[in-house]
$ cat structure_33.txt   # compact mmCIF, C-alpha atoms
# COMPACT_ATOMS: atom_id res chain seq x y z
CA MET X 5 94.20 -15.73 -171.96
CA THR X 6 92.46 -13.13 -174.10
CA PRO X 7 88.60 -12.92 -174.20
CA THR X 8 88.65 -14.01 -177.84
CA ARG X 9 90.72 -17.13 -177.16
CA SER X 10 88.51 -17.95 -174.18
CA PHE X 11 85.45 -17.74 -176.42
CA PHE X 12 87.07 -20.00 -179.01
CA ARG X 13 87.66 -22.65 -176.37
CA LEU X 14 84.06 -22.31 -175.18
CA LEU X 15 82.39 -23.13 -178.46
CA SER X 16 84.82 -25.70 -179.93
CA PRO X 17 86.02 -25.80 -183.56
CA PHE X 18 82.95 -27.22 -185.26
CA ALA X 19 80.50 -24.97 -183.43
CA LEU X 20 82.56 -21.92 -184.39
CA ALA X 21 82.31 -22.81 -188.04
CA LEU X 22 78.56 -22.92 -187.80
CA ALA X 23 78.75 -19.46 -186.25
CA ALA X 24 80.70 -18.13 -189.21
CA VAL X 25 78.12 -19.22 -191.73
CA ALA X 26 75.17 -17.91 -189.73
CA PHE X 27 76.03 -14.38 -190.82
CA THR X 28 75.72 -15.19 -194.52
CA GLY X 29 71.94 -15.16 -194.30
CA CYS X 30 69.13 -15.35 -191.77
CA GLY X 31 66.09 -17.50 -192.44
CA ALA X 32 64.65 -18.63 -195.74
CA THR X 33 64.97 -16.45 -198.82
CA GLU X 34 62.09 -15.77 -201.21
CA LYS X 35 63.53 -18.34 -203.60
CA GLU X 36 63.58 -20.96 -200.86
CA LYS X 37 59.96 -20.24 -199.98
CA LYS X 38 58.76 -20.44 -203.59
CA ASP X 39 60.81 -23.37 -204.85
CA PRO X 40 60.30 -26.60 -202.86
CA GLU X 41 63.33 -28.17 -204.58
CA PHE X 42 65.66 -25.40 -203.40
CA HIS X 43 67.78 -26.50 -200.45
CA THR X 44 68.47 -24.13 -197.62
CA SER X 45 72.27 -24.19 -197.50
CA GLY X 46 72.77 -21.46 -200.09
CA SER X 47 75.62 -23.48 -201.64
CA PRO X 48 75.01 -25.65 -204.74
CA GLU X 49 78.15 -27.65 -203.97
CA ALA X 50 77.00 -28.35 -200.42
CA ASP X 51 73.54 -29.33 -201.65
CA GLN X 52 74.98 -31.76 -204.19
CA ARG X 53 77.35 -33.36 -201.68
CA ALA X 54 74.51 -33.82 -199.19
CA GLU X 55 72.35 -35.37 -201.93
CA GLU X 56 75.14 -37.80 -202.80
CA ASN X 57 75.85 -38.76 -199.18
CA VAL X 58 72.23 -39.49 -198.34
CA ALA X 59 71.55 -41.23 -201.65
CA LYS X 60 74.59 -43.48 -201.19
CA ILE X 61 73.38 -44.63 -197.79
CA GLN X 62 69.86 -45.15 -199.16
CA GLN X 63 71.22 -47.28 -201.97
CA LEU X 64 73.21 -49.45 -199.58
CA ARG X 65 70.09 -50.00 -197.50
CA GLY X 66 67.80 -50.54 -200.48
CA GLU X 67 65.58 -47.66 -199.46
CA GLY X 68 63.57 -45.34 -201.69
CA MET X 69 62.79 -41.64 -201.48
CA ASN X 70 60.39 -40.71 -198.70
CA GLN X 71 57.66 -38.28 -199.64
CA THR X 72 57.51 -35.02 -197.71
CA ASP X 73 55.78 -31.66 -197.80
CA THR X 74 58.59 -29.36 -198.86
CA HIS X 75 56.26 -26.36 -199.10
CA ARG X 76 56.62 -25.91 -195.34
CA SER X 77 59.86 -24.49 -193.96
CA LEU X 78 62.58 -26.95 -193.03
CA TYR X 79 62.33 -25.57 -189.49
CA ASP X 80 58.69 -26.65 -189.26
CA ARG X 81 59.34 -30.01 -190.94
CA LEU X 82 62.05 -30.81 -188.39
CA GLY X 83 59.69 -30.13 -185.49
CA GLY X 84 60.57 -26.52 -184.74
CA GLU X 85 62.81 -25.58 -181.85
CA ASP X 86 62.12 -28.76 -179.88
CA GLY X 87 62.96 -30.94 -182.88
CA LEU X 88 66.19 -29.09 -183.57
CA LYS X 89 67.20 -29.29 -179.91
CA THR X 90 66.67 -33.04 -179.92
CA ILE X 91 68.63 -33.57 -183.15
CA THR X 92 71.44 -31.23 -182.10
CA SER X 93 71.84 -32.73 -178.64
CA ASP X 94 71.99 -36.26 -180.02
CA TRP X 95 74.46 -35.25 -182.76
CA ILE X 96 76.85 -33.34 -180.51
CA ASP X 97 76.90 -36.10 -177.90
CA ARG X 98 77.76 -38.62 -180.63
CA ALA X 99 80.42 -36.39 -182.19
CA ILE X 100 82.15 -35.59 -178.91
CA ALA X 101 82.35 -39.30 -178.12
CA ASP X 102 83.59 -40.17 -181.63
CA PRO X 103 87.42 -40.40 -181.72
CA SER X 104 87.31 -40.05 -185.52
CA VAL X 105 85.97 -36.52 -185.12
CA ASN X 106 88.42 -35.48 -182.36
CA TRP X 107 86.05 -32.71 -181.34
CA LYS X 108 88.20 -32.16 -178.24
CA ARG X 109 91.20 -31.41 -180.54
CA LEU X 110 93.40 -33.80 -178.59
CA GLY X 111 97.02 -33.63 -179.70
CA VAL X 112 96.46 -30.50 -181.78
CA LYS X 113 98.86 -27.61 -181.35
CA SER X 114 98.43 -24.03 -182.57
CA GLY X 115 100.80 -21.14 -183.07
CA GLY X 116 104.55 -21.21 -182.68
CA VAL X 117 107.29 -21.23 -185.31
CA MET X 118 108.42 -24.53 -186.85
CA GLY X 119 106.85 -26.40 -183.96
CA VAL X 120 108.53 -24.26 -181.31
CA GLY X 121 106.28 -22.38 -178.91
CA ALA X 122 103.08 -24.04 -180.12
CA LYS X 123 100.24 -24.12 -177.62
CA ASP X 124 97.81 -26.89 -176.77
CA ALA X 125 94.59 -26.38 -178.74
CA SER X 126 92.57 -29.03 -176.91
CA TRP X 127 89.07 -28.28 -175.66
CA ASN X 128 87.68 -29.35 -172.29
CA PRO X 129 83.98 -30.11 -172.85
CA THR X 130 82.45 -29.31 -169.47
CA PRO X 131 78.65 -29.70 -169.22
CA ALA X 132 78.22 -25.91 -169.24
CA LYS X 133 80.36 -25.51 -172.36
CA ILE X 134 78.53 -28.30 -174.15
CA GLU X 135 75.13 -26.75 -173.39
CA GLU X 136 76.35 -23.34 -174.59
CA MET X 137 77.63 -24.91 -177.81
CA LYS X 138 74.38 -26.78 -178.43
CA LYS X 139 72.42 -23.58 -177.90
CA HIS X 140 74.40 -21.76 -180.60
CA ILE X 141 74.09 -24.66 -183.04
CA VAL X 142 70.30 -24.74 -182.52
CA GLN X 143 70.20 -20.99 -183.15
CA PHE X 144 72.23 -21.46 -186.32
CA PHE X 145 70.04 -24.30 -187.60
CA THR X 146 66.94 -22.26 -186.80
CA LEU X 147 68.14 -19.28 -188.77
CA LYS X 148 69.24 -21.36 -191.75
CA SER X 149 66.06 -23.45 -191.86
CA GLY X 150 63.58 -20.57 -191.86
CA GLY X 151 62.68 -20.43 -188.18
CA PRO X 152 62.15 -17.42 -185.91
CA ALA X 153 65.38 -16.98 -183.97
CA HIS X 154 68.27 -14.69 -183.28
CA TYR X 155 71.95 -15.58 -183.18
CA ASP X 156 74.12 -14.27 -180.34
CA GLY X 157 77.44 -15.85 -181.30
CA ARG X 158 80.27 -14.31 -183.32
CA ASP X 159 81.72 -14.60 -186.81
CA MET X 160 84.60 -16.99 -186.16
CA LYS X 161 85.85 -17.81 -189.65
CA THR X 162 89.44 -16.81 -188.94
CA SER X 163 89.52 -18.85 -185.73
CA HIS X 164 89.69 -22.14 -187.65
CA GLU X 165 92.91 -21.45 -189.52
CA LYS X 166 95.13 -23.00 -186.81
CA MET X 167 92.82 -25.73 -185.54
CA GLY X 168 93.93 -28.32 -188.06
CA ILE X 169 90.49 -29.83 -188.69
CA THR X 170 90.80 -32.42 -191.43
CA THR X 171 88.45 -33.60 -194.16
CA ASP X 172 88.21 -37.01 -192.51
CA GLN X 173 87.21 -35.44 -189.20
CA PHE X 174 84.57 -33.31 -190.88
CA GLU X 175 83.21 -36.35 -192.73
CA ALA X 176 83.08 -38.29 -189.47
CA ALA X 177 81.03 -35.51 -187.88
CA LEU X 178 78.64 -35.65 -190.84
CA GLY X 179 78.36 -39.38 -190.33
CA ASP X 180 77.38 -38.81 -186.72
CA LEU X 181 74.75 -36.29 -187.83
CA LYS X 182 73.35 -38.85 -190.28
CA ALA X 183 73.18 -41.41 -187.47
CA SER X 184 71.29 -38.95 -185.27
CA LEU X 185 68.83 -38.13 -188.06
CA ASP X 186 68.24 -41.84 -188.66
CA ALA X 187 67.77 -42.48 -184.94
CA HIS X 188 65.04 -39.85 -184.79
CA LYS X 189 63.41 -41.07 -188.02
CA VAL X 190 63.92 -37.82 -189.94
CA GLN X 191 62.79 -38.31 -193.52
CA THR X 192 65.18 -38.29 -196.46
CA GLN X 193 64.41 -34.84 -197.87
CA GLU X 194 64.81 -33.17 -194.50
CA GLN X 195 68.03 -35.10 -193.92
CA LYS X 196 69.46 -33.83 -197.20
CA GLU X 197 68.51 -30.24 -196.46
CA LEU X 198 69.95 -30.20 -192.94
CA MET X 199 73.12 -31.98 -194.04
CA ALA X 200 73.46 -29.45 -196.86
CA ILE X 201 73.40 -26.66 -194.28
CA VAL X 202 76.24 -28.32 -192.36
CA GLU X 203 78.07 -29.04 -195.63
CA SER X 204 78.01 -25.33 -196.42
CA THR X 205 80.28 -24.73 -193.41
CA ARG X 206 83.03 -26.97 -194.84
CA PRO X 207 85.13 -24.08 -196.24
CA GLN X 208 85.19 -22.42 -192.80
CA ILE X 209 86.12 -25.64 -191.00
CA VAL X 210 88.45 -27.86 -192.98
CA ALA X 211 92.09 -26.82 -192.91
CA GLU X 212 93.24 -29.08 -195.78

$ encode --input "structure_33.txt" --output "structure tokens"
Amino acid sequence: MTPTRSFFRLLSPFALALAAVAFTGCGATEKEKKDPEFHTSGSPEADQRAEENVAKIQQLRGEGMNQTDTHRSLYDRLGGEDGLKTITSDWIDRAIADPSVNWKRLGVKSGGVMGVGAKDASWNPTPAKIEEMKKHIVQFFTLKSGGPAHYDGRDMKTSHEKMGITTDQFEAALGDLKASLDAHKVQTQEQKELMAIVESTRPQIVAE
């Protein structure tokens, strides 16, 4: 097994997509710092989709908009490194256990010609691999939310082309993130901004 393939297996499909986007920008831009209405994903489409997802759930629950101090960085509003670690750990544990996400890529084959010679693309989530993945996701969230961090992963955009991650699986992972944010009582504005960051990875993840 080549070092590259070994690394792919280590991080899992969804974590690799987060790695790919991390290189598009580190921390908050000047526009983000000056404009409290500017989301941190860098993608208007991702921002809008996150707005719609959170608003839809709010409407179903009969909830209103929570007030928040958007002049502070998203990193600070989410509780800094400790807050991001808590959110990330809860989310990844939910997603790995969620069959709708298929984070383990069970039944997925990659490579081969017309189905011949394809290799098993499944991922074995050992405790060490899960902790390594969570670490990289926290680093990614920190960078994208304006926190002080470095990123020591790789740009893995091309690694997702043969993983067969579907729109439904991506949406299921977003649903698990929303559940984690709700469980930790993260306010609506911060939920929309963090979900917009994850939404911005959609083009690197979804194969459809």

$ atom_distance --input "structure_33.txt" --atom1 "CA of Glu194 in chain X" --atom2 "CA of Ser77 in chain X"
10.0 Å

$ closest_atom_pairs --input "structure_33.txt" --of "range 84-155 of chain X" --to "range 175-187 of chain X" --cutoff "8 Å" --atoms "all atoms listed in the file" --output "Markdown table"
| residue | atom | partner | partner_atom | distance |
| --- | --- | --- | --- | --- |
| X:Ile91 | CA | X:Ser184 | CA | 6.4 |
| X:Asp94 | CA | X:Ser184 | CA | 5.9 |
| X:Trp95 | CA | X:Leu181 | CA | 5.2 |
| X:Arg98 | CA | X:Asp180 | CA | 6.1 |
| X:Ala99 | CA | X:Ala177 | CA | 5.8 |
| X:Ser104 | CA | X:Ala176 | CA | 6.0 |
| X:Val105 | CA | X:Ala176 | CA | 5.5 |

$ closest_residue --input "structure_33.txt" --among "X:His188, X:Lys166, X:Lys139, X:Arg81" --to "Ser114 in chain X" --atoms "all atoms listed in the file"
X:Lys166

$ residues_near_point --input "structure_33.txt" --point "(70.8, -25.8, -184.9)" --cutoff "9 Å" --atoms "all atoms listed in the file" --output "list in words"
Leu22, Glu85, Leu88, Lys89, Ile91, Thr92, Lys138, Lys139, His140, Ile141, Val142, Gln143, Phe144, Phe145, Thr146, Leu147, Lys148 and Ser149 of chain X

$ closest_residue --input "structure_33.txt" --among "X:Ala200, X:Met167, X:Ile96, X:Ile209" --to "Trp127 in chain X" --atoms "all atoms listed in the file"
X:Met167

$ residues_around --input "structure_33.txt" --residues "Arg109 in chain X" --least-positions-apart "3" --cutoff "9 Å" --atoms "all atoms listed in the file" --output "PyMOL selection string"
chain X and resi 16-17+105-106+112-113+124-127+167-169

$ decode --input "structure_33.txt" --residues "range 110-211 of chain X" --atoms "C-alpha atoms" --output "PDB file, in the first residue's frame"
ATOM      1  CA  LEU X 110     -18.891  -0.112   3.767  1.00  0.00           C
ATOM      2  CA  GLY X 111     -19.623  -1.764   0.439  1.00  0.00           C
ATOM      3  CA  VAL X 112     -17.790   0.922  -1.533  1.00  0.00           C
ATOM      4  CA  LYS X 113     -15.286  -0.178  -4.152  1.00  0.00           C
ATOM      5  CA  SER X 114     -12.679   1.958  -5.904  1.00  0.00           C
ATOM      6  CA  GLY X 115     -10.611   1.513  -9.031  1.00  0.00           C
ATOM      7  CA  GLY X 116     -10.862  -1.308 -11.511  1.00  0.00           C
ATOM      8  CA  VAL X 117     -12.384  -1.392 -14.990  1.00  0.00           C
ATOM      9  CA  MET X 118     -16.111  -2.055 -15.419  1.00  0.00           C
ATOM     10  CA  GLY X 119     -16.242  -3.475 -11.917  1.00  0.00           C
ATOM     11  CA  VAL X 120     -13.294  -5.804 -12.465  1.00  0.00           C
ATOM     12  CA  GLY X 121     -10.289  -5.373 -10.185  1.00  0.00           C
ATOM     13  CA  ALA X 122     -11.999  -2.857  -7.907  1.00  0.00           C
ATOM     14  CA  LYS X 123     -10.615  -2.648  -4.382  1.00  0.00           C
ATOM     15  CA  ASP X 124     -12.415  -2.367  -1.069  1.00  0.00           C
ATOM     16  CA  ALA X 125     -12.568   1.299  -0.033  1.00  0.00           C
ATOM     17  CA  SER X 126     -13.834   0.668   3.493  1.00  0.00           C
ATOM     18  CA  TRP X 127     -12.246   2.412   6.466  1.00  0.00           C
ATOM     19  CA  ASN X 128     -11.469   0.759   9.796  1.00  0.00           C
ATOM     20  CA  PRO X 129     -12.031   3.434  12.469  1.00  0.00           C
ATOM     21  CA  THR X 130      -9.594   2.403  15.187  1.00  0.00           C
ATOM     22  CA  PRO X 131      -9.433   4.697  18.252  1.00  0.00           C
ATOM     23  CA  ALA X 132      -6.080   6.087  17.094  1.00  0.00           C
ATOM     24  CA  LYS X 133      -7.397   6.861  13.612  1.00  0.00           C
ATOM     25  CA  ILE X 134     -10.505   8.523  15.011  1.00  0.00           C
ATOM     26  CA  GLU X 135      -8.449  10.756  17.317  1.00  0.00           C
ATOM     27  CA  GLU X 136      -6.140  11.715  14.440  1.00  0.00           C
ATOM     28  CA  MET X 137      -9.154  12.579  12.283  1.00  0.00           C
ATOM     29  CA  LYS X 138     -10.763  14.666  15.025  1.00  0.00           C
ATOM     30  CA  LYS X 139      -7.509  16.550  15.515  1.00  0.00           C
ATOM     31  CA  HIS X 140      -7.371  17.550  11.845  1.00  0.00           C
ATOM     32  CA  ILE X 141     -11.027  18.595  11.805  1.00  0.00           C
ATOM     33  CA  VAL X 142     -10.488  20.786  14.888  1.00  0.00           C
ATOM     34  CA  GLN X 143      -7.475  22.351  13.165  1.00  0.00           C
ATOM     35  CA  PHE X 144      -9.569  22.991  10.072  1.00  0.00           C
ATOM     36  CA  PHE X 145     -12.447  24.530  12.030  1.00  0.00           C
ATOM     37  CA  THR X 146      -9.977  26.674  13.964  1.00  0.00           C
ATOM     38  CA  LEU X 147      -8.399  28.046  10.819  1.00  0.00           C
ATOM     39  CA  LYS X 148     -11.731  28.727   9.129  1.00  0.00           C
ATOM     40  CA  SER X 149     -13.296  30.363  12.194  1.00  0.00           C
ATOM     41  CA  GLY X 150     -10.530  32.864  12.888  1.00  0.00           C
ATOM     42  CA  GLY X 151      -8.593  31.014  15.579  1.00  0.00           C
ATOM     43  CA  PRO X 152      -4.835  30.691  16.090  1.00  0.00           C
ATOM     44  CA  ALA X 153      -3.860  27.318  14.672  1.00  0.00           C
ATOM     45  CA  HIS X 154      -1.808  25.539  12.072  1.00  0.00           C
ATOM     46  CA  TYR X 155      -2.914  22.726   9.792  1.00  0.00           C
ATOM     47  CA  ASP X 156      -0.649  19.706   9.320  1.00  0.00           C
ATOM     48  CA  GLY X 157      -2.816  17.655   6.959  1.00  0.00           C
ATOM     49  CA  ARG X 158      -2.687  17.541   3.158  1.00  0.00           C
ATOM     50  CA  ASP X 159      -4.724  18.844   0.243  1.00  0.00           C
ATOM     51  CA  MET X 160      -6.806  15.772  -0.577  1.00  0.00           C
ATOM     52  CA  LYS X 161      -9.282  17.058  -3.151  1.00  0.00           C
ATOM     53  CA  THR X 162      -8.425  14.429  -5.750  1.00  0.00           C
ATOM     54  CA  SER X 163      -8.725  11.616  -3.195  1.00  0.00           C
ATOM     55  CA  HIS X 164     -12.526  11.870  -3.146  1.00  0.00           C
ATOM     56  CA  GLU X 165     -13.114  11.148  -6.814  1.00  0.00           C
ATOM     57  CA  LYS X 166     -13.429   7.371  -6.301  1.00  0.00           C
ATOM     58  CA  MET X 167     -15.002   7.290  -2.847  1.00  0.00           C
ATOM     59  CA  GLY X 168     -18.571   7.510  -4.088  1.00  0.00           C
ATOM     60  CA  ILE X 169     -19.843   9.841  -1.364  1.00  0.00           C
ATOM     61  CA  THR X 170     -23.434  10.747  -2.145  1.00  0.00           C
ATOM     62  CA  THR X 171     -25.511  13.852  -1.526  1.00  0.00           C
ATOM     63  CA  ASP X 172     -27.710  11.927   0.899  1.00  0.00           C
ATOM     64  CA  GLN X 173     -24.690  10.809   2.901  1.00  0.00           C
ATOM     65  CA  PHE X 174     -23.338  14.342   3.051  1.00  0.00           C
ATOM     66  CA  GLU X 175     -26.735  15.654   4.163  1.00  0.00           C
ATOM     67  CA  ALA X 176     -26.897  12.974   6.850  1.00  0.00           C
ATOM     68  CA  ALA X 177     -23.508  14.082   8.182  1.00  0.00           C
ATOM     69  CA  LEU X 178     -24.782  17.674   8.294  1.00  0.00           C
ATOM     70  CA  GLY X 179     -27.798  16.453  10.225  1.00  0.00           C
ATOM     71  CA  ASP X 180     -25.503  14.825  12.761  1.00  0.00           C
ATOM     72  CA  LEU X 181     -23.552  18.081  13.080  1.00  0.00           C
ATOM     73  CA  LYS X 182     -26.801  19.961  13.700  1.00  0.00           C
ATOM     74  CA  ALA X 183     -27.723  17.447  16.399  1.00  0.00           C
ATOM     75  CA  SER X 184     -24.347  17.936  18.081  1.00  0.00           C
ATOM     76  CA  LEU X 185     -24.684  21.726  17.972  1.00  0.00           C
ATOM     77  CA  ASP X 186     -28.161  21.475  19.490  1.00  0.00           C
ATOM     78  CA  ALA X 187     -26.936  19.088  22.191  1.00  0.00           C
ATOM     79  CA  HIS X 188     -24.287  21.586  23.249  1.00  0.00           C
ATOM     80  CA  LYS X 189     -26.708  24.532  23.072  1.00  0.00           C
ATOM     81  CA  VAL X 190     -24.809  26.411  20.369  1.00  0.00           C
ATOM     82  CA  GLN X 191     -26.797  29.471  19.349  1.00  0.00           C
ATOM     83  CA  THR X 192     -28.397  29.850  15.932  1.00  0.00           C
ATOM     84  CA  GLN X 193     -25.953  32.314  14.370  1.00  0.00           C
ATOM     85  CA  GLU X 194     -22.951  30.228  15.346  1.00  0.00           C
ATOM     86  CA  GLN X 195     -24.691  27.097  14.068  1.00  0.00           C
ATOM     87  CA  LYS X 196     -25.258  28.719  10.679  1.00  0.00           C
ATOM     88  CA  GLU X 197     -21.663  29.883  10.412  1.00  0.00           C
ATOM     89  CA  LEU X 198     -20.126  26.533  11.340  1.00  0.00           C
ATOM     90  CA  MET X 199     -22.516  24.625   9.090  1.00  0.00           C
ATOM     91  CA  ALA X 200     -21.648  27.021   6.272  1.00  0.00           C
ATOM     92  CA  ILE X 201     -17.979  26.111   6.711  1.00  0.00           C
ATOM     93  CA  VAL X 202     -18.820  22.414   6.369  1.00  0.00           C
ATOM     94  CA  GLU X 203     -21.169  23.181   3.453  1.00  0.00           C
ATOM     95  CA  SER X 204     -18.273  24.823   1.624  1.00  0.00           C
ATOM     96  CA  THR X 205     -16.566  21.406   1.445  1.00  0.00           C
ATOM     97  CA  ARG X 206     -19.472  19.877  -0.501  1.00  0.00           C
ATOM     98  CA  PRO X 207     -17.799  20.228  -3.948  1.00  0.00           C
ATOM     99  CA  GLN X 208     -14.742  18.322  -2.678  1.00  0.00           C
ATOM    100  CA  ILE X 209     -16.815  15.555  -1.092  1.00  0.00           C
ATOM    101  CA  VAL X 210     -19.920  14.689  -3.057  1.00  0.00           C
ATOM    102  CA  ALA X 211     -19.339  12.469  -6.068  1.00  0.00           C
TER     103      ALA X 211
END
